[in-house]
file work-v7.csv (CSV, C-alpha atoms)
chain,number,residue,atom,x,y,z
A,200,GLY,CA,5.9,-11.3,-10.6
A,201,SER,CA,6.7,-10.7,-14.2
A,202,SER,CA,4.5,-13.6,-15.3
A,203,GLY,CA,1.5,-11.9,-13.7
A,204,ARG,CA,2.4,-8.7,-15.4
A,205,VAL,CA,2.5,-10.5,-18.8
A,206,ALA,CA,-1.0,-11.8,-18.1
A,207,VAL,CA,-2.4,-8.4,-17.4
A,208,ASP,CA,-0.5,-6.8,-20.3
A,209,LEU,CA,-1.8,-9.4,-22.8
A,210,ALA,CA,-5.4,-9.0,-21.6
A,211,ALA,CA,-5.1,-5.2,-22.0
A,212,LYS,CA,-3.6,-5.4,-25.5
A,213,ALA,CA,-6.3,-8.0,-26.6
A,214,ALA,CA,-9.1,-5.7,-25.4
A,215,GLN,CA,-7.6,-2.8,-27.3
A,216,ALA,CA,-7.1,-4.7,-30.5
A,217,PHE,CA,-10.3,-6.7,-30.3
A,218,PRO,CA,-13.0,-4.7,-28.4
A,219,GLU,CA,-15.5,-7.5,-28.6
A,220,ALA,CA,-13.2,-9.5,-26.3
A,221,LYS,CA,-12.9,-6.8,-23.7
A,222,ASP,CA,-15.0,-8.6,-21.1
A,223,LYS,CA,-14.0,-12.1,-22.1
A,224,ILE,CA,-10.2,-12.0,-21.6
A,225,ILE,CA,-9.1,-11.2,-18.1
A,226,GLY,CA,-5.5,-10.9,-16.8
A,227,LEU,CA,-4.9,-11.7,-13.2
A,228,ILE,CA,-1.7,-11.1,-11.1
A,229,ALA,CA,-1.0,-12.5,-7.7
A,230,GLY,CA,-1.5,-9.7,-5.2
A,231,GLY,CA,-4.1,-7.8,-7.2
A,232,ASP,CA,-3.8,-5.0,-9.7
A,233,SER,CA,-1.6,-2.9,-7.4
A,234,ALA,CA,1.1,-5.5,-7.7
A,235,MET,CA,1.6,-4.3,-11.3
A,236,VAL,CA,3.3,-1.2,-10.1
A,237,ARG,CA,4.7,-2.2,-6.7
A,238,ALA,CA,6.0,-5.7,-6.2
A,239,LYS,CA,4.3,-7.7,-3.4
A,240,GLU,CA,6.6,-10.5,-2.2
A,241,GLY,CA,5.1,-13.8,-1.3
A,242,CYS,CA,1.7,-13.5,-3.0
A,243,GLU,CA,2.5,-16.2,-5.5
A,244,ASP,CA,3.5,-18.5,-2.7
A,245,SER,CA,-0.1,-18.9,-1.4
A,246,GLU,CA,-2.1,-21.8,-2.8
A,247,ASN,CA,-5.2,-20.6,-1.0
A,248,GLU,CA,-4.9,-17.2,-2.8
A,249,GLY,CA,-4.9,-19.1,-6.1
A,250,MET,CA,-7.9,-21.2,-5.1
A,251,THR,CA,-10.0,-18.1,-4.6
A,252,ALA,CA,-8.6,-16.0,-7.5
A,253,LEU,CA,-11.4,-16.9,-9.9
A,254,ASP,CA,-14.3,-16.8,-7.4
A,255,ASN,CA,-15.6,-13.5,-8.8
A,256,TYR,CA,-15.5,-14.7,-12.4
A,257,ASN,CA,-17.6,-17.9,-12.2
A,258,ALA,CA,-15.2,-19.9,-14.3
A,259,GLY,CA,-16.7,-23.0,-15.7
A,260,PRO,CA,-16.8,-25.5,-18.6
A,261,PHE,CA,-17.1,-22.7,-21.3
A,262,ASP,CA,-13.9,-20.9,-20.0
A,263,THR,CA,-10.2,-21.4,-20.6
A,264,VAL,CA,-7.7,-20.6,-17.9
A,265,ILE,CA,-4.0,-20.1,-18.8
A,266,LEU,CA,-1.5,-20.3,-16.0
A,267,ILE,CA,1.9,-18.6,-16.5
A,268,SER,CA,5.1,-19.2,-14.4
A,269,ALA,CA,8.6,-19.2,-15.7
A,270,SER,CA,9.7,-21.8,-13.2
A,271,GLY,CA,6.4,-23.7,-13.1
A,272,SER,CA,6.6,-23.7,-9.3
A,273,ALA,CA,4.2,-21.0,-8.1
A,274,PHE,CA,1.9,-22.2,-5.4
A,275,TYR,CA,-0.7,-19.5,-6.5
A,276,ASN,CA,-0.9,-21.2,-9.9
A,277,VAL,CA,-1.4,-24.7,-8.4
A,278,GLY,CA,-4.3,-23.4,-6.3
A,279,CYS,CA,-5.8,-21.6,-9.3
A,280,GLY,CA,-5.3,-24.6,-11.6
A,281,LYS,CA,-7.0,-27.0,-9.2
A,282,ALA,CA,-10.0,-24.7,-8.6
A,283,ALA,CA,-10.5,-24.0,-12.3
A,284,ALA,CA,-10.2,-27.6,-13.3
A,285,ASP,CA,-12.6,-28.7,-10.6
A,286,LYS,CA,-15.1,-26.3,-12.0
A,287,GLY,CA,-14.7,-27.9,-15.5
A,288,ALA,CA,-12.7,-25.1,-17.2
A,289,LYS,CA,-10.0,-26.0,-19.7
A,290,VAL,CA,-6.7,-25.2,-18.0
A,291,LEU,CA,-3.3,-24.7,-19.7
A,292,TYR,CA,0.0,-24.2,-17.9
A,293,PHE,CA,2.8,-22.3,-19.8
A,294,TYR,CA,6.2,-22.5,-18.1
A,295,ASN,CA,9.9,-22.7,-19.1
A,296,SER,CA,11.7,-25.3,-17.0
A,297,LYS,CA,11.8,-29.1,-17.4
A,298,LYS,CA,12.3,-29.4,-13.6
A,299,ILE,CA,9.0,-28.7,-11.8
A,300,PRO,CA,7.9,-29.6,-8.3
A,301,PHE,CA,5.6,-32.5,-7.6
A,302,ARG,CA,2.7,-30.2,-6.7
A,303,THR,CA,2.8,-28.8,-10.3
A,304,GLN,CA,3.2,-32.3,-11.9
A,305,GLN,CA,0.1,-33.4,-10.1
A,306,LEU,CA,-2.0,-30.9,-12.1
A,307,PHE,CA,-1.0,-32.7,-15.3
A,308,GLU,CA,-1.8,-36.1,-13.8
A,309,ARG,CA,-5.3,-35.4,-12.6
A,310,LYS,CA,-7.7,-38.2,-13.4
A,311,VAL,CA,-10.5,-35.7,-14.1
A,312,ASN,CA,-9.9,-32.7,-16.3
A,313,PRO,CA,-6.1,-32.7,-16.2
A,314,VAL,CA,-4.2,-29.5,-16.8
A,315,VAL,CA,-2.6,-29.2,-20.3
A,316,ASP,CA,1.2,-29.0,-20.1
A,317,LEU,CA,2.7,-26.2,-22.2
A,318,CYS,CA,6.4,-26.4,-21.3
A,319,VAL,CA,8.8,-24.4,-23.5
A,320,ASP,CA,12.2,-25.1,-21.9
A,321,ILE,CA,14.7,-22.3,-22.3
A,322,GLY,CA,17.5,-23.5,-20.1
A,323,PRO,CA,19.4,-21.1,-17.7
A,324,GLN,CA,18.5,-17.5,-17.8
A,325,ALA,CA,21.0,-15.2,-19.6
A,326,ILE,CA,20.3,-12.6,-16.9
A,327,ALA,CA,19.8,-14.2,-13.4
A,328,GLY,CA,17.6,-13.0,-10.6
A,329,SER,CA,13.9,-12.2,-10.3
A,330,THR,CA,13.6,-10.3,-13.6
A,331,ARG,CA,13.0,-13.5,-15.6
A,332,LEU,CA,13.5,-11.5,-18.8
A,333,GLN,CA,13.7,-14.5,-21.1
A,334,GLY,CA,10.7,-16.2,-19.7
A,335,ALA,CA,8.5,-13.0,-19.8
A,336,THR,CA,9.5,-12.3,-23.3
A,337,LEU,CA,8.7,-15.8,-24.5
A,338,ALA,CA,5.4,-15.8,-22.6
A,339,GLU,CA,4.4,-12.5,-24.2
A,340,ALA,CA,5.3,-13.7,-27.7
A,341,ALA,CA,4.0,-17.3,-27.5
A,342,LEU,CA,0.8,-16.6,-25.6
A,343,GLY,CA,0.2,-13.4,-27.5
A,344,ALA,CA,0.3,-15.3,-30.7
A,345,LEU,CA,-2.0,-18.0,-29.4
A,346,LEU,CA,-4.5,-15.4,-28.2
A,347,VAL,CA,-4.4,-13.2,-31.3
A,348,SER,CA,-4.8,-16.3,-33.6
A,349,ALA,CA,-7.8,-17.4,-31.6
A,350,LEU,CA,-9.4,-14.0,-31.8
A,351,HIS,CA,-8.8,-13.8,-35.5
A,352,LEU,CA,-10.5,-17.2,-35.9
A,353,ASN,CA,-13.4,-15.9,-33.9
A,354,ARG,CA,-13.7,-13.1,-36.5
A,355,LYS,CA,-13.6,-15.8,-39.2
A,356,ASN,CA,-10.2,-14.3,-40.4
A,357,VAL,CA,-8.6,-17.7,-41.0
A,358,ALA,CA,-5.7,-16.4,-43.1
A,359,MET,CA,-4.8,-13.8,-40.6
A,360,ALA,CA,-4.9,-16.4,-37.8
A,361,GLU,CA,-2.6,-18.7,-39.7
A,362,ASN,CA,-0.1,-16.1,-40.8
A,363,TYR,CA,0.1,-14.2,-37.5
A,364,ARG,CA,2.6,-16.5,-35.9
A,365,THR,CA,4.9,-16.6,-38.9
A,366,GLU,CA,4.9,-12.8,-39.2
A,367,LEU,CA,5.6,-12.5,-35.5
A,368,VAL,CA,8.6,-14.8,-35.7
A,369,ALA,CA,9.9,-12.9,-38.7
A,370,ASN,CA,9.6,-9.6,-37.0
A,371,MET,CA,11.3,-10.9,-33.8
A,372,ARG,CA,14.2,-12.1,-36.0
A,373,LYS,CA,14.5,-8.6,-37.5
A,374,GLY,CA,14.6,-7.2,-34.0
A,375,ILE,CA,17.3,-9.6,-32.9
A,376,GLU,CA,19.5,-8.5,-35.9
A,377,ILE,CA,19.1,-4.9,-34.9
A,378,ILE,CA,20.1,-5.8,-31.3
A,379,ARG,CA,23.2,-7.7,-32.6
A,380,GLY,CA,24.2,-4.6,-34.6
A,381,VAL,CA,24.5,-2.5,-31.4
A,382,LEU,CA,25.9,-5.2,-29.1
A,383,ASN,CA,29.5,-3.9,-29.4
A,384,ILE,CA,28.3,-0.4,-28.3
A,385,ILE,CA,26.5,-1.9,-25.3
A,386,LYS,CA,29.5,-4.0,-24.5
A,387,GLY,CA,31.6,-0.9,-23.8
A,388,PHE,CA,29.1,0.3,-21.2
A,389,VAL,CA,29.1,-3.1,-19.5
A,390,ILE,CA,32.9,-3.2,-19.3
A,391,GLN,CA,33.0,0.4,-17.9
A,392,GLU,CA,30.3,-0.4,-15.4
A,393,HIS,CA,32.1,-3.5,-14.2
A,394,GLU,CA,35.3,-1.5,-13.8
A,395,ILE,CA,33.6,1.1,-11.6
A,396,PHE,CA,31.7,-1.5,-9.6
A,397,SER,CA,34.9,-3.5,-9.0
A,398,ASP,CA,37.2,-0.7,-8.1
A,399,PRO,CA,37.6,-0.3,-4.3
A,400,ARG,CA,37.9,3.5,-4.8
A,401,SER,CA,34.4,3.7,-6.3
A,402,ASN,CA,31.3,5.0,-4.5
A,403,PHE,CA,29.3,1.8,-5.0
A,404,ARG,CA,27.3,0.8,-1.9
A,405,ARG,CA,28.3,4.0,-0.1
A,406,LEU,CA,25.7,6.2,1.4
A,407,ARG,CA,27.3,9.3,-0.3
A,408,ASP,CA,30.0,10.2,-2.7
A,409,GLU,CA,33.2,9.9,-0.7
A,410,THR,CA,35.6,9.8,-3.7
A,411,ALA,CA,35.7,11.3,-7.2
A,412,TRP,CA,36.1,7.9,-8.7
A,413,GLY,CA,32.6,7.5,-10.1
A,414,TYR,CA,29.2,6.0,-9.2
A,415,VAL,CA,26.8,3.7,-10.9
call {"tool": "encode", "arguments": {"input": "work-v7.csv", "output": "structure tokens"}}
result
Amino acid sequence: GSSGRVAVDLAAKAAQAFPEAKDKIIGLIAGGDSAMVRAKEGCEDSENEGMTALDNYNAGPFDTVILISASGSAFYNVGCGKAAADKGAKVLYFYNSKKIPFRTQQLFERKVNPVVDLCVDIGPQAIAGSTRLQGATLAEAALGALLVSALHLNRKNVAMAENYRTELVANMRKGIEIIRGVLNIIKGFVIQEHEIFSDPRSNFRRLRDETAWGYV
């Protein structure tokens, strides 16, 4: 899903900005690389798939594994987290909901090498459904800042590592103000779209245009 796409995207961006990290930062998505362009339903629902996800990478005590799931409920992450922690890797779990299933909670309660809980609760999604726009945006920003700061520290750029997060938040706030400035324009499109969808004369959910009333 979108969380897996965030992982692959962050790894690609890190490799571009920090070439020395190209082979050290790897993004994985349930269902494999092809799931980036064509959704594969059910892949994240397999704990066994997660258990074997890192087999080709020899993850161990010198590695860090970051799991991402907006709901914190993906079976794939549970399997991956168990396998990585069993091999001694440092495992972090970034998710956005206080309510998580017992299988996920067990990762944090392991007696040996427990998974680190990184919950940033954002409440109900502004846009419902599988898009998870809020969760994906937050994961991209928060984990991106964490990753870039670590890479700057690796280059001994302490000041850049410390300032990156602050600059990111400042730029995001500027972006939000720009969006607020055009919300009234967007509002008009939403109202018009709703009117067309709602009108029984519209062509919505018809196989072809049967009326001249409009189509979305």
call {"tool": "atom_distance", "arguments": {"input": "work-v7.csv", "atom1": "CA of Val207 in chain A", "atom2": "CA of Ile228 in chain A"}}
result
6.9 Å
call {"tool": "atom_distance", "arguments": {"input": "work-v7.csv", "atom1": "CA of Ala258 in chain A", "atom2": "CA of Gly287 in chain A"}}
result
8.1 Å
call {"tool": "residues_near_point", "arguments": {"input": "work-v7.csv", "point": "(-2.7, -30.1, -9.9)", "cutoff": "6 Å", "atoms": "all atoms listed in the file", "output": "list in words"}}
result
Val277, Lys281, Thr303, Gln305 and Leu306 of chain A
call {"tool": "atom_distance", "arguments": {"input": "work-v7.csv", "atom1": "CA of Ser268 in chain A", "atom2": "CA of Val368 in chain A"}}
result
22.0 Å
call {"tool": "residues_around", "arguments": {"input": "work-v7.csv", "residues": "Leu346 in chain A", "least_positions_apart": "2", "cutoff": "10 Å", "atoms": "only C-alpha atoms", "output": "number ranges by chain"}}
result
A: 209-210, 213, 224, 340-344, 348-352, 360
call {"tool": "write_last_selection", "arguments": {"input": "work-v7.csv", "atoms": "C-alpha atoms", "output": "PDB file, keeping the file's coordinate frame"}}
result
ATOM      1  CA  LEU A 209      -1.800  -9.400 -22.800  1.00  0.00           C
ATOM      2  CA  ALA A 210      -5.400  -9.000 -21.600  1.00  0.00           C
ATOM      3  CA  ALA A 213      -6.300  -8.000 -26.600  1.00  0.00           C
ATOM      4  CA  ILE A 224     -10.200 -12.000 -21.600  1.00  0.00           C
ATOM      5  CA  ALA A 340       5.300 -13.700 -27.700  1.00  0.00           C
ATOM      6  CA  ALA A 341       4.000 -17.300 -27.500  1.00  0.00           C
ATOM      7  CA  LEU A 342       0.800 -16.600 -25.600  1.00  0.00           C
ATOM      8  CA  GLY A 343       0.200 -13.400 -27.500  1.00  0.00           C
ATOM      9  CA  ALA A 344       0.300 -15.300 -30.700  1.00  0.00           C
ATOM     10  CA  SER A 348      -4.800 -16.300 -33.600  1.00  0.00           C
ATOM     11  CA  ALA A 349      -7.800 -17.400 -31.600  1.00  0.00           C
ATOM     12  CA  LEU A 350      -9.400 -14.000 -31.800  1.00  0.00           C
ATOM     13  CA  HIS A 351      -8.800 -13.800 -35.500  1.00  0.00           C
ATOM     14  CA  LEU A 352     -10.500 -17.200 -35.900  1.00  0.00           C
ATOM     15  CA  ALA A 360      -4.900 -16.400 -37.800  1.00  0.00           C
TER      16      ALA A 360
END
